[in-house]
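Enquirer: The following file, work.csv, comprises CSV, C-alpha atoms:
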```
chain,number,residue,atom,x,y,z
A,13,MET,CA,0.0,0.0,0.0
A,14,PHE,CA,1.2,3.5,-0.8
A,15,LYS,CA,0.0,7.0,-1.0
A,16,MET,CA,0.4,9.2,-4.1
A,17,THR,CA,0.0,13.0,-3.8
A,18,TRP,CA,0.3,15.5,-6.6
A,19,ALA,CA,0.2,19.2,-7.2
A,20,LEU,CA,-0.4,21.1,-10.3
A,21,VAL,CA,0.9,24.6,-9.5
A,22,ALA,CA,-1.9,27.1,-9.1
A,23,GLU,CA,-4.5,24.6,-10.3
A,24,HIS,CA,-5.0,21.4,-8.3
A,25,ALA,CA,-3.7,19.2,-5.6
A,26,ASP,CA,-5.0,15.8,-4.7
A,27,GLU,CA,-4.1,12.4,-3.3
A,28,TRP,CA,-4.8,8.7,-4.0
A,29,THR,CA,-4.0,5.6,-1.9
A,30,GLY,CA,-3.7,2.0,-3.2
A,31,ASP,CA,-1.4,-0.8,-4.1
A,32,ASP,CA,-1.4,-0.8,-7.9
A,33,PHE,CA,1.2,1.4,-9.5
A,34,SER,CA,-0.5,1.1,-13.0
A,35,GLN,CA,-3.7,2.3,-11.4
A,36,ALA,CA,-1.9,5.2,-9.7
A,37,ALA,CA,-0.5,6.2,-13.1
A,38,ALA,CA,-3.9,6.0,-14.7
A,39,VAL,CA,-5.5,8.1,-11.9
A,40,LEU,CA,-2.8,10.8,-12.3
A,41,ASP,CA,-3.3,10.8,-16.1
A,42,GLU,CA,-7.1,11.1,-15.7
A,43,LYS,CA,-7.1,13.8,-13.0
A,44,VAL,CA,-4.3,16.0,-14.3
A,45,GLY,CA,-5.5,15.4,-17.9
A,46,ALA,CA,-8.9,16.7,-16.9
A,47,ALA,CA,-7.3,19.9,-15.4
A,48,VAL,CA,-5.3,20.4,-18.6
A,49,THR,CA,-8.4,19.9,-20.8
A,50,ALA,CA,-10.3,22.5,-18.7
A,51,SER,CA,-7.4,25.0,-18.7
A,52,GLY,CA,-8.4,26.8,-21.9
A,53,MET,CA,-5.1,25.9,-23.6
A,54,THR,CA,-5.3,25.2,-27.3
A,55,PRO,CA,-5.4,21.5,-28.3
A,56,ASP,CA,-1.9,21.7,-29.6
A,57,THR,CA,-0.6,23.3,-26.4
A,58,GLN,CA,-2.5,20.7,-24.3
A,59,GLU,CA,-0.8,17.9,-26.2
A,60,HIS,CA,2.6,19.5,-25.8
A,61,TRP,CA,1.9,20.0,-22.1
A,62,ARG,CA,0.9,16.3,-21.7
A,63,GLU,CA,4.0,15.0,-23.5
A,64,THR,CA,6.5,17.4,-21.8
A,65,PHE,CA,5.2,17.3,-18.2
A,66,LEU,CA,2.6,14.6,-17.6
A,67,VAL,CA,4.0,11.6,-19.5
A,68,PRO,CA,7.5,11.6,-17.9
A,69,VAL,CA,6.1,11.9,-14.4
A,70,ARG,CA,3.3,9.3,-15.0
A,71,ASP,CA,5.7,6.8,-16.5
A,72,GLY,CA,8.0,7.3,-13.6
A,73,ILE,CA,5.4,6.0,-11.2
A,74,THR,CA,5.5,2.5,-12.7
A,75,ALA,CA,9.3,2.4,-13.0
A,76,ALA,CA,11.4,4.3,-10.5
A,77,GLY,CA,8.5,5.1,-8.2
A,78,LYS,CA,7.5,1.5,-7.9
A,79,SER,CA,11.1,0.4,-7.2
A,80,ALA,CA,11.6,3.0,-4.5
A,81,VAL,CA,8.3,2.3,-2.7
A,82,GLU,CA,8.9,-1.5,-2.9
A,83,ALA,CA,12.2,-0.8,-1.2
A,84,GLY,CA,10.5,1.2,1.5
A,85,ARG,CA,11.6,4.6,0.2
A,86,ASP,CA,9.7,7.8,-0.8
A,87,TRP,CA,9.9,8.9,-4.4
A,88,SER,CA,9.0,12.2,-6.1
A,89,LYS,CA,9.3,13.6,-9.5
A,90,ALA,CA,8.6,17.1,-10.8
A,91,ALA,CA,8.2,18.3,-14.4
A,92,GLY,CA,7.5,21.9,-14.9
A,93,PRO,CA,4.4,22.8,-12.9
A,94,LEU,CA,3.6,19.1,-11.9
A,95,LEU,CA,4.9,17.4,-8.8
A,96,VAL,CA,4.1,13.8,-7.8
A,97,ALA,CA,5.2,12.0,-4.6
A,98,LEU,CA,4.8,8.4,-3.6
A,99,THR,CA,5.1,7.4,0.0
A,100,PRO,CA,5.0,3.8,1.3
A,101,ALA,CA,2.2,3.0,3.8
A,102,ALA,CA,3.3,3.2,7.4
```
Before anything else, please render the file you have as structure tokens.

Expert:
Amino acid sequence: MFKMTWALVAEHADEWTGDDFSQAAAVLDEKVGAAVTASGMTPDTQEHWRETFLVPVRDGITAAGKSAVEAGRDWSKAAGPLLVALTPAA
């Protein structure tokens, strides 16, 4: 079990708790993606934002994030205005 928290600067902060790293990545993609869609950015800018900021952080959850949490360590990654942190359950 682990906790994922994230912040999208000046827009949104939230958290999710579970034990499935792929599901955590999907939740992040859905929630942050919805904020980006609602942001008023042009479709091209939204796509650029997702590829530049969201994808690297999201993909890190199932790779480096999973390894860190399974070893009992915290993990965090930031890209531009997005910060995500994973914390093992106590």

Enquirer: Need to verify the contact set: range 37-52 of chain A, 7 Å, only C-alpha atoms, exclusion of same-chain residues closer than 5 positions in sequence. Can you return it as a list in words?

Expert: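 Listing them by chain and then by number gives Gln58, Arg70 and Ile73 of chain A.
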
Enquirer: If you count all atoms listed in the file, which residues fall within 6 Å of Met13 in chain A, apart from same-chain ones fewer than 2 positions away, as a PyMOL selection string?

Expert: chain A and resi 30-31+101

Enquirer: What's around Leu20 in chain A at 8 Å? Count only C-alpha atoms, leave out sequence neighbours fewer than 2 positions away in its own chain, and write the answer as a list in words.

Expert: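 The residues satisfying every condition are Trp18, Ala22, Glu23, His24, Ala25, Val44, Pro93, Leu94 and Leu95 of chain A.
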
Enquirer: Let me make sure I understand: among A:Phe33, A:Met16, A:Ala75, A:Leu66, which one has the smallest atom-to-atom distance to Ala91 in chain A if we use all atoms listed in the file?

Expert: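 Closest candidate: A:Leu66.
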
Enquirer: Just how far from CA of Asp32 in chain A is CA of Thr99 in chain A, in Å to one decimal?

Expert: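 So the two atoms, CA of Thr99 in chain A and CA of Asp32 in chain A, lie 13.1 Å apart.
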
Enquirer: Nearest residue to Ala97 in chain A out of A:Gly77, A:Pro68, A:Thr54, A:Arg62, using only C-alpha atoms?

Expert: A:Gly77

Enquirer: Compare A:Lys15, A:Lys78, A:Val67, A:Trp28 by their minimum atom-to-atom distance to Ala102 in chain A, counting all atoms listed in the file, and give me the closest one.

Expert: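 Using all atoms listed in the file, Ala102 in chain A sits closest to A:Lys15.
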
Enquirer: Measuring atom to atom with all atoms listed in the file, identify which of A:Gly92, A:Ala76, A:Asp86, A:Leu98 is nearest to Glu63 in chain A.

Expert: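 With all atoms listed in the file as the atom set, the closest residue is A:Gly92.
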
Enquirer: How many Å lie between CA of Asp71 in chain A and CA of Asp56 in chain A, rounded to one decimal?

Expert: 21.2 Å

Enquirer: Point out the residue among A:His60, A:Ser34, A:Pro100, A:Ala19 with the least atom-to-atom distance to Ala80 in chain A, counting all atoms listed in the file.

Expert: A:Pro100

Enquirer: Would you compute the distance between CA of Phe65 in chain A and CA of Gln35 in chain A? Give it in Å to one decimal.

Expert: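 These atoms are spaced 18.7 Å apart.
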
Enquirer: Which residue gives the smallest distance to Gly72 in chain A among A:Thr29, A:Val96, A:Met53, A:Gly84, with only C-alpha atoms counted?

Expert: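 Among the listed residues, A:Val96 lies closest to Gly72 in chain A.
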
Enquirer: Could N, CA and C atoms be built for range 28-64 of chain A and written out as a PDB file, keeping the file's coordinate frame?

Expert:
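Wrote rebuild_5.pdb, looks like this:
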```
ATOM      1  N   TRP A  28      -4.196   9.986  -3.673  1.00  0.00           N
ATOM      2  CA  TRP A  28      -4.800   8.700  -4.000  1.00  0.00           C
ATOM      3  C   TRP A  28      -4.015   7.665  -3.159  1.00  0.00           C
ATOM      4  N   THR A  29      -4.693   6.656  -2.646  1.00  0.00           N
ATOM      5  CA  THR A  29      -4.000   5.600  -1.900  1.00  0.00           C
ATOM      6  C   THR A  29      -4.441   4.247  -2.497  1.00  0.00           C
ATOM      7  N   GLY A  30      -3.470   3.361  -2.654  1.00  0.00           N
ATOM      8  CA  GLY A  30      -3.700   2.000  -3.200  1.00  0.00           C
ATOM      9  C   GLY A  30      -2.480   1.211  -3.233  1.00  0.00           C
ATOM     10  N   ASP A  31      -2.532   0.101  -3.975  1.00  0.00           N
ATOM     11  CA  ASP A  31      -1.400  -0.800  -4.100  1.00  0.00           C
ATOM     12  C   ASP A  31      -1.008  -1.139  -5.495  1.00  0.00           C
ATOM     13  N   ASP A  32      -1.638  -0.510  -6.463  1.00  0.00           N
ATOM     14  CA  ASP A  32      -1.400  -0.800  -7.900  1.00  0.00           C
ATOM     15  C   ASP A  32      -0.770   0.403  -8.551  1.00  0.00           C
ATOM     16  N   PHE A  33       0.480   0.257  -8.945  1.00  0.00           N
ATOM     17  CA  PHE A  33       1.200   1.400  -9.500  1.00  0.00           C
ATOM     18  C   PHE A  33       0.648   1.781 -10.897  1.00  0.00           C
ATOM     19  N   SER A  34       0.167   0.822 -11.666  1.00  0.00           N
ATOM     20  CA  SER A  34      -0.500   1.100 -13.000  1.00  0.00           C
ATOM     21  C   SER A  34      -1.743   1.930 -12.751  1.00  0.00           C
ATOM     22  N   GLN A  35      -2.507   1.552 -11.745  1.00  0.00           N
ATOM     23  CA  GLN A  35      -3.700   2.300 -11.400  1.00  0.00           C
ATOM     24  C   GLN A  35      -3.402   3.706 -10.975  1.00  0.00           C
ATOM     25  N   ALA A  36      -2.358   3.846 -10.171  1.00  0.00           N
ATOM     26  CA  ALA A  36      -1.900   5.200  -9.700  1.00  0.00           C
ATOM     27  C   ALA A  36      -1.596   6.053 -10.919  1.00  0.00           C
ATOM     28  N   ALA A  37      -0.859   5.497 -11.874  1.00  0.00           N
ATOM     29  CA  ALA A  37      -0.500   6.200 -13.100  1.00  0.00           C
ATOM     30  C   ALA A  37      -1.738   6.633 -13.873  1.00  0.00           C
ATOM     31  N   ALA A  38      -2.702   5.720 -13.958  1.00  0.00           N
ATOM     32  CA  ALA A  38      -3.900   6.000 -14.700  1.00  0.00           C
ATOM     33  C   ALA A  38      -4.756   7.100 -13.991  1.00  0.00           C
ATOM     34  N   VAL A  39      -4.806   7.069 -12.669  1.00  0.00           N
ATOM     35  CA  VAL A  39      -5.500   8.100 -11.900  1.00  0.00           C
ATOM     36  C   VAL A  39      -4.868   9.453 -12.137  1.00  0.00           C
ATOM     37  N   LEU A  40      -3.541   9.496 -12.056  1.00  0.00           N
ATOM     38  CA  LEU A  40      -2.800  10.800 -12.300  1.00  0.00           C
ATOM     39  C   LEU A  40      -3.127  11.269 -13.700  1.00  0.00           C
ATOM     40  N   ASP A  41      -3.056  10.390 -14.677  1.00  0.00           N
ATOM     41  CA  ASP A  41      -3.300  10.800 -16.100  1.00  0.00           C
ATOM     42  C   ASP A  41      -4.722  11.334 -16.223  1.00  0.00           C
ATOM     43  N   GLU A  42      -5.694  10.673 -15.604  1.00  0.00           N
ATOM     44  CA  GLU A  42      -7.100  11.100 -15.700  1.00  0.00           C
ATOM     45  C   GLU A  42      -7.297  12.465 -15.015  1.00  0.00           C
ATOM     46  N   LYS A  43      -6.839  12.594 -13.778  1.00  0.00           N
ATOM     47  CA  LYS A  43      -7.100  13.800 -13.000  1.00  0.00           C
ATOM     48  C   LYS A  43      -6.347  15.015 -13.534  1.00  0.00           C
ATOM     49  N   VAL A  44      -5.065  14.848 -13.805  1.00  0.00           N
ATOM     50  CA  VAL A  44      -4.300  16.000 -14.300  1.00  0.00           C
ATOM     51  C   VAL A  44      -4.706  16.263 -15.757  1.00  0.00           C
ATOM     52  N   GLY A  45      -4.989  15.205 -16.516  1.00  0.00           N
ATOM     53  CA  GLY A  45      -5.500  15.400 -17.900  1.00  0.00           C
ATOM     54  C   GLY A  45      -6.752  16.216 -17.927  1.00  0.00           C
ATOM     55  N   ALA A  46      -7.652  15.971 -16.989  1.00  0.00           N
ATOM     56  CA  ALA A  46      -8.900  16.700 -16.900  1.00  0.00           C
ATOM     57  C   ALA A  46      -8.632  18.209 -16.627  1.00  0.00           C
ATOM     58  N   ALA A  47      -7.678  18.475 -15.732  1.00  0.00           N
ATOM     59  CA  ALA A  47      -7.300  19.900 -15.400  1.00  0.00           C
ATOM     60  C   ALA A  47      -6.722  20.562 -16.631  1.00  0.00           C
ATOM     61  N   VAL A  48      -5.904  19.846 -17.379  1.00  0.00           N
ATOM     62  CA  VAL A  48      -5.300  20.400 -18.600  1.00  0.00           C
ATOM     63  C   VAL A  48      -6.355  20.694 -19.633  1.00  0.00           C
ATOM     64  N   THR A  49      -7.285  19.761 -19.812  1.00  0.00           N
ATOM     65  CA  THR A  49      -8.400  19.900 -20.800  1.00  0.00           C
ATOM     66  C   THR A  49      -9.217  21.155 -20.437  1.00  0.00           C
ATOM     67  N   ALA A  50      -9.471  21.354 -19.152  1.00  0.00           N
ATOM     68  CA  ALA A  50     -10.300  22.500 -18.700  1.00  0.00           C
ATOM     69  C   ALA A  50      -9.556  23.797 -18.619  1.00  0.00           C
ATOM     70  N   SER A  51      -8.277  23.783 -18.900  1.00  0.00           N
ATOM     71  CA  SER A  51      -7.400  25.000 -18.700  1.00  0.00           C
ATOM     72  C   SER A  51      -7.637  26.088 -19.690  1.00  0.00           C
ATOM     73  N   GLY A  52      -8.217  25.792 -20.834  1.00  0.00           N
ATOM     74  CA  GLY A  52      -8.400  26.800 -21.900  1.00  0.00           C
ATOM     75  C   GLY A  52      -7.218  26.866 -22.844  1.00  0.00           C
ATOM     76  N   MET A  53      -6.219  25.996 -22.654  1.00  0.00           N
ATOM     77  CA  MET A  53      -5.100  25.900 -23.600  1.00  0.00           C
ATOM     78  C   MET A  53      -5.637  25.400 -24.950  1.00  0.00           C
ATOM     79  N   THR A  54      -4.965  25.774 -26.020  1.00  0.00           N
ATOM     80  CA  THR A  54      -5.300  25.200 -27.300  1.00  0.00           C
ATOM     81  C   THR A  54      -5.044  23.729 -27.331  1.00  0.00           C
ATOM     82  N   PRO A  55      -5.702  22.980 -28.220  1.00  0.00           N
ATOM     83  CA  PRO A  55      -5.400  21.500 -28.300  1.00  0.00           C
ATOM     84  C   PRO A  55      -3.955  21.209 -28.512  1.00  0.00           C
ATOM     85  N   ASP A  56      -3.276  21.966 -29.349  1.00  0.00           N
ATOM     86  CA  ASP A  56      -1.900  21.700 -29.600  1.00  0.00           C
ATOM     87  C   ASP A  56      -1.031  21.955 -28.326  1.00  0.00           C
ATOM     88  N   THR A  57      -1.351  23.003 -27.606  1.00  0.00           N
ATOM     89  CA  THR A  57      -0.600  23.300 -26.400  1.00  0.00           C
ATOM     90  C   THR A  57      -0.922  22.249 -25.314  1.00  0.00           C
ATOM     91  N   GLN A  58      -2.166  21.770 -25.239  1.00  0.00           N
ATOM     92  CA  GLN A  58      -2.500  20.700 -24.300  1.00  0.00           C
ATOM     93  C   GLN A  58      -1.680  19.449 -24.599  1.00  0.00           C
ATOM     94  N   GLU A  59      -1.578  19.081 -25.856  1.00  0.00           N
ATOM     95  CA  GLU A  59      -0.800  17.900 -26.200  1.00  0.00           C
ATOM     96  C   GLU A  59       0.661  18.057 -25.882  1.00  0.00           C
ATOM     97  N   HIS A  60       1.201  19.236 -26.175  1.00  0.00           N
ATOM     98  CA  HIS A  60       2.600  19.500 -25.800  1.00  0.00           C
ATOM     99  C   HIS A  60       2.781  19.426 -24.297  1.00  0.00           C
ATOM    100  N   TRP A  61       1.871  19.985 -23.536  1.00  0.00           N
ATOM    101  CA  TRP A  61       1.900  20.000 -22.100  1.00  0.00           C
ATOM    102  C   TRP A  61       1.937  18.530 -21.564  1.00  0.00           C
ATOM    103  N   ARG A  62       1.020  17.732 -22.099  1.00  0.00           N
ATOM    104  CA  ARG A  62       0.900  16.300 -21.700  1.00  0.00           C
ATOM    105  C   ARG A  62       2.247  15.589 -21.945  1.00  0.00           C
ATOM    106  N   GLU A  63       2.770  15.739 -23.151  1.00  0.00           N
ATOM    107  CA  GLU A  63       4.000  15.000 -23.500  1.00  0.00           C
ATOM    108  C   GLU A  63       5.219  15.528 -22.766  1.00  0.00           C
ATOM    109  N   THR A  64       5.281  16.805 -22.491  1.00  0.00           N
ATOM    110  CA  THR A  64       6.500  17.400 -21.800  1.00  0.00           C
ATOM    111  C   THR A  64       6.444  17.198 -20.331  1.00  0.00           C
TER     112      THR A  64
END
```
